[in-house]
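For reference, model-v4.txt (compact mmCIF, C-alpha atoms and all ligand atoms):
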# COMPACT_ATOMS: atom_id res chain seq x y z
CA MET G 1467 1.82 -18.92 8.00
CA THR G 1468 3.13 -17.45 4.77
CA ALA G 1469 3.49 -13.89 3.58
CA ILE G 1470 3.75 -11.91 0.37
CA ILE G 1471 4.80 -8.28 0.28
CA LEU G 1472 3.63 -5.75 -2.28
CA LEU G 1473 6.33 -3.14 -2.70
CA GLY G 1474 6.21 -0.03 -4.86
CA PRO G 1475 5.76 3.74 -4.88
CA PRO G 1476 2.45 5.46 -4.09
CA GLY G 1477 0.22 5.37 -7.17
CA ALA G 1478 1.74 2.17 -8.56
CA GLY G 1479 -1.54 0.31 -7.95
CA LYS G 1480 -0.69 -1.69 -4.81
CA GLY G 1481 -4.17 -1.27 -3.35
CA THR G 1482 -5.95 -2.51 -6.47
CA VAL G 1483 -3.66 -5.52 -6.88
CA ALA G 1484 -4.10 -6.33 -3.19
CA GLU G 1485 -7.90 -6.27 -3.50
CA GLU G 1486 -7.67 -8.74 -6.37
CA LEU G 1487 -5.40 -11.10 -4.42
CA ALA G 1488 -7.61 -10.85 -1.36
CA ARG G 1489 -10.29 -12.53 -3.50
CA LYS G 1490 -7.80 -15.37 -4.06
CA GLY G 1491 -7.52 -16.11 -0.36
CA TYR G 1492 -4.69 -13.81 0.69
CA GLY G 1493 -5.59 -11.91 3.83
CA HIS G 1494 -4.95 -8.30 2.86
CA VAL G 1495 -3.05 -6.47 5.58
CA SER G 1496 -3.19 -2.71 5.25
CA THR G 1497 -1.18 -0.95 7.96
CA GLY G 1498 -3.45 2.08 7.55
CA GLU G 1499 -6.48 -0.01 8.48
CA LEU G 1500 -4.67 -1.77 11.35
CA LEU G 1501 -3.67 1.62 12.69
CA ARG G 1502 -7.19 3.05 12.50
CA GLU G 1503 -8.48 -0.05 14.31
CA GLN G 1504 -5.86 0.26 17.11
CA ILE G 1505 -6.69 3.96 17.50
CA ARG G 1506 -10.43 3.22 17.56
CA GLN G 1507 -9.95 0.58 20.28
CA GLU G 1508 -7.61 2.92 22.17
CA THR G 1509 -4.97 0.21 22.67
CA PRO G 1510 -1.55 1.31 24.02
CA LEU G 1511 -0.17 1.13 20.45
CA GLY G 1512 -3.15 3.08 19.10
CA LEU G 1513 -2.78 5.81 21.69
CA ALA G 1514 0.96 6.10 21.04
CA ALA G 1515 0.30 6.33 17.29
CA LYS G 1516 -2.41 8.97 17.76
CA GLU G 1517 -0.02 11.07 19.84
CA ARG G 1518 2.66 11.00 17.10
CA LEU G 1519 0.19 11.69 14.29
CA ALA G 1520 -1.20 14.67 16.25
CA HIS G 1521 2.33 16.13 16.19
CA GLY G 1522 2.69 15.52 12.46
CA LYS G 1523 5.23 12.72 12.91
CA PHE G 1524 5.52 9.35 11.18
CA VAL G 1525 4.18 6.47 13.21
CA SER G 1526 7.36 4.90 14.62
CA ASP G 1527 8.79 1.60 13.37
CA GLU G 1528 8.24 0.22 16.85
CA ILE G 1529 4.49 0.91 16.71
CA VAL G 1530 4.11 -0.46 13.18
CA VAL G 1531 6.03 -3.65 13.95
CA GLY G 1532 4.07 -3.99 17.21
CA MET G 1533 0.78 -3.99 15.28
CA ILE G 1534 2.06 -6.60 12.83
CA ARG G 1535 3.34 -8.76 15.70
CA ASP G 1536 -0.08 -8.54 17.33
CA LEU G 1537 -1.75 -9.62 14.09
CA LEU G 1538 0.60 -12.53 13.29
CA GLU G 1539 0.66 -13.92 16.80
CA HIS G 1540 -3.09 -14.44 16.49
CA ALA G 1541 -2.86 -15.97 13.00
CA LYS G 1542 -4.07 -19.48 12.27
CA ALA G 1543 -1.64 -22.12 10.98
CA GLY G 1544 -1.41 -22.00 7.20
CA GLN G 1545 -2.90 -18.52 6.93
CA LYS G 1546 -1.70 -16.46 3.93
CA PHE G 1547 -1.02 -12.75 4.36
CA LEU G 1548 -0.52 -10.08 1.76
CA PHE G 1549 1.26 -7.00 3.07
CA ASP G 1550 0.49 -3.73 1.36
CA GLY G 1551 2.42 -0.74 2.67
CA PHE G 1552 4.54 -2.78 5.06
CA PRO G 1553 7.48 -2.97 5.62
CA ARG G 1554 8.15 0.64 4.73
CA THR G 1555 11.64 1.10 6.23
CA MET G 1556 14.78 -1.03 6.61
CA VAL G 1557 14.21 -1.28 10.36
CA GLN G 1558 10.71 -2.64 9.73
CA ALA G 1559 12.03 -5.12 7.14
CA GLU G 1560 14.68 -6.47 9.50
CA GLU G 1561 12.28 -6.72 12.43
CA PHE G 1562 9.74 -8.45 10.18
CA ASP G 1563 12.37 -11.04 9.25
CA GLN G 1564 12.99 -11.84 12.91
CA LEU G 1565 9.29 -11.90 13.67
CA LEU G 1566 8.61 -14.41 10.88
CA GLN G 1567 11.48 -16.58 12.10
CA SER G 1568 10.23 -16.58 15.67
CA LEU G 1569 6.72 -17.54 14.50
CA GLU G 1570 8.04 -20.08 11.98
CA GLY G 1571 6.42 -18.20 9.12
CA THR G 1572 7.91 -17.73 5.67
CA LEU G 1573 8.10 -14.84 3.27
CA ASP G 1574 7.31 -16.36 -0.13
CA GLU G 1575 7.79 -13.43 -2.39
CA VAL G 1576 8.08 -9.66 -2.73
CA ILE G 1577 6.17 -8.28 -5.70
CA LEU G 1578 7.77 -5.04 -6.80
CA LEU G 1579 5.51 -2.71 -8.78
CA GLU G 1580 7.89 -0.57 -10.84
CA CYS G 1581 6.71 2.72 -12.23
CA PRO G 1582 8.59 5.89 -13.31
CA ASP G 1583 7.90 9.01 -11.25
CA ASP G 1584 6.46 11.03 -14.15
CA VAL G 1585 3.90 8.30 -14.91
CA ILE G 1586 2.84 8.30 -11.26
CA VAL G 1587 2.54 12.08 -11.08
CA ALA G 1588 0.38 12.09 -14.24
CA ARG G 1589 -1.71 9.19 -12.98
CA LEU G 1590 -2.45 10.65 -9.55
CA SER G 1591 -2.75 14.31 -10.46
CA GLY G 1592 -5.33 13.44 -13.15
CA ARG G 1593 -7.54 11.73 -10.60
CA ARG G 1594 -10.81 13.44 -9.64
CA VAL G 1595 -13.01 12.30 -6.80
CA CYS G 1596 -16.68 12.98 -6.11
CA PRO G 1597 -16.98 14.40 -2.57
CA VAL G 1598 -20.58 13.12 -2.33
CA CYS G 1599 -20.56 9.50 -3.57
CA GLY G 1600 -16.80 8.77 -3.65
CA ALA G 1601 -16.71 7.88 -7.37
CA VAL G 1602 -13.20 8.18 -8.82
CA TYR G 1603 -12.51 9.51 -12.33
CA HIS G 1604 -9.42 10.34 -14.34
CA VAL G 1605 -9.30 13.33 -16.67
CA GLU G 1606 -7.68 11.22 -19.40
CA HIS G 1607 -8.28 7.52 -18.73
CA ASN G 1608 -11.76 7.62 -17.22
CA PRO G 1609 -13.33 11.06 -17.75
CA PRO G 1610 -16.86 11.90 -16.58
CA ASP G 1611 -19.49 12.64 -19.27
CA THR G 1612 -19.30 16.37 -18.43
CA PRO G 1613 -15.82 17.59 -17.43
CA GLY G 1614 -15.57 18.18 -13.67
CA ILE G 1615 -19.05 16.79 -12.89
CA CYS G 1616 -19.95 13.41 -11.31
CA ASN G 1617 -21.97 11.16 -13.65
CA LEU G 1618 -23.91 9.70 -10.75
CA ASP G 1619 -25.08 12.73 -8.81
CA GLY G 1620 -23.97 15.89 -10.64
CA SER G 1621 -21.59 17.01 -7.87
CA GLU G 1622 -18.48 19.01 -8.65
CA LEU G 1623 -15.41 16.71 -8.72
CA LYS G 1624 -12.36 17.52 -6.59
CA LEU G 1625 -8.62 16.89 -6.76
CA ARG G 1626 -7.63 15.32 -3.43
CA LYS G 1627 -4.79 17.04 -1.61
CA ASP G 1628 -2.85 13.74 -1.61
CA ASP G 1629 -3.04 13.64 -5.42
CA ALA G 1630 -1.85 17.21 -6.11
CA PRO G 1631 1.44 17.16 -8.10
CA GLU G 1632 3.52 18.77 -5.33
CA THR G 1633 2.20 16.34 -2.73
CA VAL G 1634 2.79 13.36 -5.02
CA LYS G 1635 6.40 14.46 -5.64
CA LYS G 1636 6.93 14.75 -1.89
CA ARG G 1637 5.44 11.27 -1.30
CA LEU G 1638 7.73 9.87 -4.01
CA ARG G 1639 10.79 11.48 -2.39
CA ILE G 1640 9.88 9.87 0.94
CA TYR G 1641 9.44 6.52 -0.81
CA ARG G 1642 12.86 6.76 -2.50
CA GLU G 1643 14.55 7.66 0.77
CA ARG G 1644 12.82 5.37 3.22
CA THR G 1645 11.43 2.43 1.24
CA ALA G 1646 13.49 1.96 -1.94
CA PRO G 1647 16.47 0.48 0.01
CA LEU G 1648 14.22 -2.52 0.69
CA ILE G 1649 14.45 -3.47 -2.99
CA ASP G 1650 18.15 -4.44 -2.63
CA PHE G 1651 17.51 -6.03 0.74
CA TYR G 1652 14.97 -8.44 -0.79
CA LYS G 1653 16.89 -8.82 -4.07
CA ASN G 1654 19.80 -10.22 -2.05
CA LYS G 1655 17.44 -12.77 -0.58
CA GLY G 1656 16.23 -13.73 -4.08
CA LEU G 1657 12.66 -12.79 -3.25
CA ILE G 1658 11.94 -9.91 -5.65
CA HIS G 1659 9.59 -10.37 -8.58
CA ALA G 1660 9.29 -7.14 -10.56
CA VAL G 1661 6.12 -6.19 -12.45
CA ASP G 1662 5.87 -3.25 -14.87
CA ALA G 1663 3.29 -1.06 -13.15
CA SER G 1664 3.33 1.67 -15.80
CA LEU G 1665 0.85 -0.47 -17.79
CA SER G 1666 -2.90 -0.19 -17.29
CA ILE G 1667 -4.17 -1.41 -13.96
CA ASP G 1668 -5.88 -4.38 -15.65
CA GLN G 1669 -2.59 -5.49 -17.23
CA VAL G 1670 -0.78 -5.14 -13.90
CA ARG G 1671 -3.50 -7.12 -12.15
CA ARG G 1672 -3.23 -9.91 -14.74
CA ALA G 1673 0.57 -10.04 -14.49
CA VAL G 1674 0.40 -10.44 -10.71
CA ILE G 1675 -2.34 -13.08 -10.83
CA GLU G 1676 -0.50 -15.11 -13.47
CA ARG G 1677 2.53 -15.04 -11.24
CA LEU G 1678 0.73 -16.25 -8.14
CA GLY G 1679 -1.80 -18.55 -9.79
ZN ZN Q 1701 -20.86 11.44 -7.18
For the file at hand, write its structure as structure tokens.
Ligand SMILES: [Zn+2]
Amino acid sequence: MTAIILLGPPGAGKGTVAEELARKGYGHVSTGELLREQIRQETPLGLAAKERLAHGKFVSDEIVVGMIRDLLEHAKAGQKFLFDGFPRTMVQAEEFDQLLQSLEGTLDEVILLECPDDVIVARLSGRRVCPVCGAVYHVEHNPPDTPGICNLDGSELKLRKDDAPETVKKRLRIYRERTAPLIDFYKNKGLIHAVDASLSIDQVRRAVIERLG
């Protein structure tokens, strides 16, 4: 089993790049989805996570690593995984190392999507979502025909709470504190490949695909 990690701040385009690579045979692992599945099935990990989320806490490293362990232990030989949003802390990165070793898996590469904070704030805070059909627009890069109105069904577009400038700045602060130390950790292992994620999403997608073939 082999793994690739996508690392980068919120809004750098990890999700979009991951979708593209999933089409190339990399099993896309989103910890958000794993978590929702564990909660839905009411597993011990899911129940523990639900309890913490209900109290407004981060899901603990122990729970996150437990879910990944569960996933990898059931992996087929030769399976390729793409991790998006994991590991998110140094503890998770170190535990992941040990887990891969114990399962005789390898981490091939860490793709680092680099993007300045102001570009991310502008990118996310310009996003508008249709509450009815889920269509996503951007006030500058992909505006609807009539400002503030969905092209498909005429609904009034909304700014998601997660995309509001203050929320984005807070998410970026958390990323710098908790996740950015992983960059040096993987640099020291010679695994980092940096991609300029301030470019358009199509350019970023192409750069990543060229890299991985
Ligand atoms: Zn719509």
Quote the spacing between atom CA of Arg1626 of chain G and atom CA of Pro1613 of chain G in Å to one decimal place. 16.4 Å
Counting all atoms listed in the file, what are the residues of chain G within 8 Å of ligand ZN 1701 (chain Q), and for each of them which pair of atoms is the nearest and at what distance in Å, to one decimal? Sort the table by chain and rising number, as a tab-separated table.
residue	atom	partner	partner_atom	distance
G:Val1595	CA	Q:ZN1701	ZN	7.9
G:Cys1596	CA	Q:ZN1701	ZN	4.6
G:Pro1597	CA	Q:ZN1701	ZN	6.7
G:Val1598	CA	Q:ZN1701	ZN	5.1
G:Cys1599	CA	Q:ZN1701	ZN	4.1
G:Gly1600	CA	Q:ZN1701	ZN	6.0
G:Ala1601	CA	Q:ZN1701	ZN	5.5
G:Cys1616	CA	Q:ZN1701	ZN	4.7
G:Asn1617	CA	Q:ZN1701	ZN	6.6
G:Leu1618	CA	Q:ZN1701	ZN	5.0
G:Asp1619	CA	Q:ZN1701	ZN	4.7
G:Gly1620	CA	Q:ZN1701	ZN	6.4
G:Ser1621	CA	Q:ZN1701	ZN	5.7
G:Leu1623	CA	Q:ZN1701	ZN	7.7
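Using all atoms listed in the file, the smallest distance between any of G:Met1467, G:Val1525, G:Ile1586, G:Ile1505 and Lys1635 of chain G comes from G:Ile1586.
The spacing separating atom CA of Gly1493 of chain G from atom CA of Lys1546 of chain G amounts to 6.0 Å.
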Given all atoms listed in the file as the basis, pick out the residue of G:Val1602, G:Leu1566, G:Ala1514, G:Val1495 nearest to Phe1549 of chain G. G:Val1495
Using only C-alpha atoms, which of G:Leu1473, G:Met1533, G:Lys1624, G:Arg1594 sits nearest Leu1565 of chain G? G:Met1533
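The spacing separating atom CA of Phe1651 of chain G from atom CA of Ala1488 of chain G amounts to 25.7 Å.
Comparing G:Ile1471, G:Ile1615, G:Leu1538, G:Ala1515 by their smallest distance to Ala1559 of chain G, the closest is G:Ile1471 (using all atoms listed in the file).
With distances taken over all atoms listed in the file, G:His1494 is the one residue among G:Lys1516, G:Ala1541, G:His1494, G:Glu1632 lying closest to Thr1482 of chain G.
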Using only C-alpha atoms, which of G:Ile1529, G:Leu1578, G:Val1674, G:Ala1630 sits nearest Leu1513 of chain G? G:Ile1529
Hey, could you make a per-residue contact list for segment 1494-1560 of chain G against segment 1474-1477 of chain G with 10 Å as the cut-off, showing the nearest pair of atoms and its distance in Å to one decimal, counting all atoms listed in the file, sorted by chain and number, as JSON lines?
{"residue": "G:Asp1550", "atom": "CA", "partner": "G:Gly1474", "partner_atom": "CA", "distance": 9.2}
{"residue": "G:Gly1551", "atom": "CA", "partner": "G:Gly1474", "partner_atom": "CA", "distance": 8.5}
{"residue": "G:Arg1554", "atom": "CA", "partner": "G:Gly1474", "partner_atom": "CA", "distance": 9.8}
Surrounding residues of Val1576 of chain G excluding itself and chain neighbours under 4 positions, 9 Å, all atoms listed in the file, as a compact mmCIF listing (two decimals) with C-alpha atoms, in the coordinates of the input:
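To be explicit, this is the file written out as out.txt:
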# COMPACT_ATOMS: atom_id res chain seq x y z
CA ALA G 1469 3.49 -13.89 3.58
CA ILE G 1470 3.75 -11.91 0.37
CA ILE G 1471 4.80 -8.28 0.28
CA LEU G 1472 3.63 -5.75 -2.28
CA LEU G 1473 6.33 -3.14 -2.70
CA ILE G 1649 14.45 -3.47 -2.99
CA TYR G 1652 14.97 -8.44 -0.79
CA LYS G 1653 16.89 -8.82 -4.07
CA LEU G 1657 12.66 -12.79 -3.25
CA ILE G 1658 11.94 -9.91 -5.65
CA HIS G 1659 9.59 -10.37 -8.58
CA ALA G 1660 9.29 -7.14 -10.56
Centre and edge lengths, as AutoDock Vina command-line options, for the axis-aligned box enclosing every listed atom of segment 1598-1610 of chain G with 6 Å of padding on each of the six sides, in Å to one decimal?
--center_x -14.1 --center_y 10.4 --center_z -10.9 --size_x 24.9 --size_y 17.8 --size_z 29.1
